[in-house]
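Data block below; observations after.
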Amino acid sequence: MTPQPAPAPLLIACALGIEHLALRSGNRGGAGGPVTVLRTGMGPKAAERSVTRVLADPVLGDAAVLATGFCAGLAPGMHPGDLVVAEETREPRGTVGCVGTELLVKELVRAVPGRTVHTGPLTGSDHVVRGPERADLLATGAIAVDMESAATLLSAVRVSARPVAAVRVVVDAPEHELVRIGTLRGGISAFRVLRSVLPAFFEWHRSLLLPRR
């Protein structure tokens, strides 16, 4: 019999220690292949360095990459604990289209019932966005902003072509600005949601391994 190729790995990238803790404390069962959860550090430069370094390892050379963690919602009516599935990520150096958005939405609704899932462009920033700057970014068509997703996905596809996606949990929004993630109710809600999303990520990854008809 011809040996079957090993399943392609999955790299899940987040920035903060609290995000990493949430992901590692979630259910790890059910992945379609090897899973690496990478803490990149905060900001686009840290994300770019970490992702480029890790993907240089031949073991992860063909890994699918999913950026996750917390984000700031830009649209009125968003609440802490809402989910954002990026259709694309944007930053000054380029835009990256995401794969499997509809599947991720379906699986997130199943994994975290009762939570609102938003889809649209996710924009990058090199600083925490506050106040009127939200409206400026919303006017570009983006629905949420964070500091690492765009840099993570752009770095990943620059190394080599691969499936990429970004899923973020809203930790603050125009009517719900937070100062410190871990101490306020919105931050706790977002942490619990992030801890519950891994099954959806694994289903997304598994779908990439299915033969195309």
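Ordering of the structure tokens sets the chain letters (A, B, ...), residue numbers begin anew at 1 in every chain, and ligands are numbered from 1 in the order given.
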
Just asking: which residues within region 98-155 of chain A are helix (DSSP H, G or I) according to DSSP, as an MDAnalysis selection string?
-> chainID A and resid 101:111 132:138 149:155

For those residues, write N, CA and C atoms to a file as an mmCIF file, in the first residue's frame.
```cif
data_model
loop_
_atom_site.group_PDB
_atom_site.id
_atom_site.type_symbol
_atom_site.label_atom_id
_atom_site.label_comp_id
_atom_site.auth_asym_id
_atom_site.auth_seq_id
_atom_site.Cartn_x
_atom_site.Cartn_y
_atom_site.Cartn_z
ATOM 1 N N THR A 101 -14.546 31.170 5.254
ATOM 2 C CA THR A 101 -15.275 32.050 6.167
ATOM 3 C C THR A 101 -16.643 31.485 6.540
ATOM 4 N N GLU A 102 -17.384 31.011 5.548
ATOM 5 C CA GLU A 102 -18.740 30.505 5.819
ATOM 6 C C GLU A 102 -18.708 29.294 6.749
ATOM 7 N N LEU A 103 -17.745 28.402 6.540
ATOM 8 C CA LEU A 103 -17.633 27.236 7.416
ATOM 9 C C LEU A 103 -17.306 27.667 8.842
ATOM 10 N N LEU A 104 -16.394 28.610 8.992
ATOM 11 C CA LEU A 104 -16.047 29.085 10.332
ATOM 12 C C LEU A 104 -17.256 29.683 11.036
ATOM 13 N N VAL A 105 -18.046 30.468 10.319
ATOM 14 C CA VAL A 105 -19.242 31.048 10.925
ATOM 15 C C VAL A 105 -20.171 29.938 11.418
ATOM 16 N N LYS A 106 -20.416 28.945 10.562
ATOM 17 C CA LYS A 106 -21.306 27.844 10.936
ATOM 18 C C LYS A 106 -20.789 27.098 12.160
ATOM 19 N N GLU A 107 -19.504 26.810 12.192
ATOM 20 C CA GLU A 107 -18.944 26.044 13.304
ATOM 21 C C GLU A 107 -18.860 26.877 14.580
ATOM 22 N N LEU A 108 -18.644 28.175 14.462
ATOM 23 C CA LEU A 108 -18.611 29.022 15.656
ATOM 24 C C LEU A 108 -19.995 29.141 16.279
ATOM 25 N N VAL A 109 -21.025 29.234 15.447
ATOM 26 C CA VAL A 109 -22.393 29.261 15.960
ATOM 27 C C VAL A 109 -22.684 27.981 16.742
ATOM 28 N N ARG A 110 -22.143 26.873 16.256
ATOM 29 C CA ARG A 110 -22.331 25.598 16.947
ATOM 30 C C ARG A 110 -21.503 25.526 18.232
ATOM 31 N N ALA A 111 -20.271 26.042 18.179
ATOM 32 C CA ALA A 111 -19.373 25.931 19.331
ATOM 33 C C ALA A 111 -19.733 26.900 20.450
ATOM 34 N N PRO A 132 -12.623 58.439 18.637
ATOM 35 C CA PRO A 132 -13.011 58.810 17.273
ATOM 36 C C PRO A 132 -12.293 58.019 16.181
ATOM 37 N N GLU A 133 -11.127 57.472 16.492
ATOM 38 C CA GLU A 133 -10.394 56.697 15.484
ATOM 39 C C GLU A 133 -11.206 55.488 15.022
ATOM 40 N N ARG A 134 -12.058 54.972 15.874
ATOM 41 C CA ARG A 134 -12.917 53.853 15.472
ATOM 42 C C ARG A 134 -13.781 54.239 14.274
ATOM 43 N N ALA A 135 -14.373 55.427 14.334
ATOM 44 C CA ALA A 135 -15.250 55.869 13.254
ATOM 45 C C ALA A 135 -14.480 56.011 11.947
ATOM 46 N N ASP A 136 -13.244 56.483 12.027
ATOM 47 C CA ASP A 136 -12.430 56.618 10.825
ATOM 48 C C ASP A 136 -12.176 55.256 10.184
ATOM 49 N N LEU A 137 -11.889 54.249 11.004
ATOM 50 C CA LEU A 137 -11.637 52.909 10.473
ATOM 51 C C LEU A 137 -12.925 52.278 9.961
ATOM 52 N N LEU A 138 -14.036 52.506 10.663
ATOM 53 C CA LEU A 138 -15.320 51.981 10.202
ATOM 54 C C LEU A 138 -15.663 52.538 8.823
ATOM 55 N N SER A 149 -3.436 40.369 13.525
ATOM 56 C CA SER A 149 -3.991 39.444 12.524
ATOM 57 C C SER A 149 -3.475 39.726 11.123
ATOM 58 N N ALA A 150 -3.532 40.985 10.701
ATOM 59 C CA ALA A 150 -3.124 41.320 9.336
ATOM 60 C C ALA A 150 -1.653 40.999 9.114
ATOM 61 N N ALA A 151 -0.811 41.344 10.090
ATOM 62 C CA ALA A 151 0.617 41.050 9.958
ATOM 63 C C ALA A 151 0.866 39.546 9.965
ATOM 64 N N THR A 152 0.116 38.812 10.774
ATOM 65 C CA THR A 152 0.264 37.351 10.834
ATOM 66 C C THR A 152 -0.050 36.716 9.491
ATOM 67 N N LEU A 153 -1.195 37.061 8.904
ATOM 68 C CA LEU A 153 -1.594 36.427 7.645
ATOM 69 C C LEU A 153 -0.715 36.871 6.488
ATOM 70 N N LEU A 154 -0.341 38.143 6.458
ATOM 71 C CA LEU A 154 0.533 38.613 5.383
ATOM 72 C C LEU A 154 1.890 37.915 5.454
ATOM 73 N N SER A 155 2.428 37.769 6.650
ATOM 74 C CA SER A 155 3.702 37.060 6.807
ATOM 75 C C SER A 155 3.581 35.605 6.381
#
```

Close residues, Val128 (chain A) itself excluded, 10 Å, only C-alpha atoms, min 5 positions apart in chain, as a count of residues only = 7

When distances are computed from only C-alpha atoms, which of A:Ser125, A:Ser50, A:Ser207, A:Ser189 shows the smallest separation from His79 (chain A)?
-> A:Ser189

How close does each residue of region 43-125 of chain A get to region 18-27 of chain A, giving the shortest atom pair and distance in Å to one decimal for every residue with an atom at most 9 Å away, counting only C-alpha atoms, sorted by chain and residue number, as a tab-separated table?
```
residue	atom	partner	partner_atom	distance
A:Thr68	CA	A:Glu19	CA	8.3
A:Gly69	CA	A:Glu19	CA	5.6
A:Phe70	CA	A:Glu19	CA	7.4
```

File dump, residues just selected, all heavy atoms, as a short mmCIF file (atom, residue, chain, number, x, y, z; two decimals), in the first residue's frame:
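Output saved as part06.cif:
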```cif
data_model
loop_
_atom_site.label_atom_id
_atom_site.label_comp_id
_atom_site.auth_asym_id
_atom_site.auth_seq_id
_atom_site.Cartn_x
_atom_site.Cartn_y
_atom_site.Cartn_z
N THR A 68 -5.89 34.55 15.86
CA THR A 68 -7.02 34.71 16.78
C THR A 68 -6.61 35.51 17.99
O THR A 68 -5.45 35.91 18.16
CB THR A 68 -7.59 33.34 17.17
OG1 THR A 68 -8.87 33.50 17.76
CG2 THR A 68 -6.66 32.58 18.11
N GLY A 69 -7.58 35.74 18.87
CA GLY A 69 -7.37 36.55 20.06
C GLY A 69 -8.48 37.57 20.19
O GLY A 69 -9.58 37.39 19.67
N PHE A 70 -8.17 38.66 20.86
CA PHE A 70 -9.17 39.70 21.09
C PHE A 70 -9.05 40.80 20.04
O PHE A 70 -8.03 40.95 19.38
CB PHE A 70 -9.00 40.30 22.49
CG PHE A 70 -9.09 39.28 23.59
CD1 PHE A 70 -8.15 39.25 24.61
CD2 PHE A 70 -10.12 38.35 23.62
CE1 PHE A 70 -8.22 38.32 25.63
CE2 PHE A 70 -10.21 37.41 24.64
CZ PHE A 70 -9.26 37.40 25.65
#
```

Contacts of Ala156 (chain A) within 8 Å, only C-alpha atoms, excl. fewer than 6 positions in-chain, as JSON, numbers by chain = {"A": [51, 52, 55, 65, 162, 164]}

With distances taken over only C-alpha atoms, the candidate from A:Pro44, A:Gly141, A:Pro113, A:Gly120 nearest Arg93 (chain A) is A:Pro44

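Going from CA of Glu203 (chain A) over to CA of Met78 (chain A), you cover 25.7 Å.
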
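In this structure, CA of Arg158 (chain A) sits 16.9 Å away from CA of Leu10 (chain A).
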
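Counting only C-alpha atoms, the residue from A:Val159, A:Val37, A:Ile143, A:Val112 that sits nearest to Pro58 (chain A) is A:Val159.
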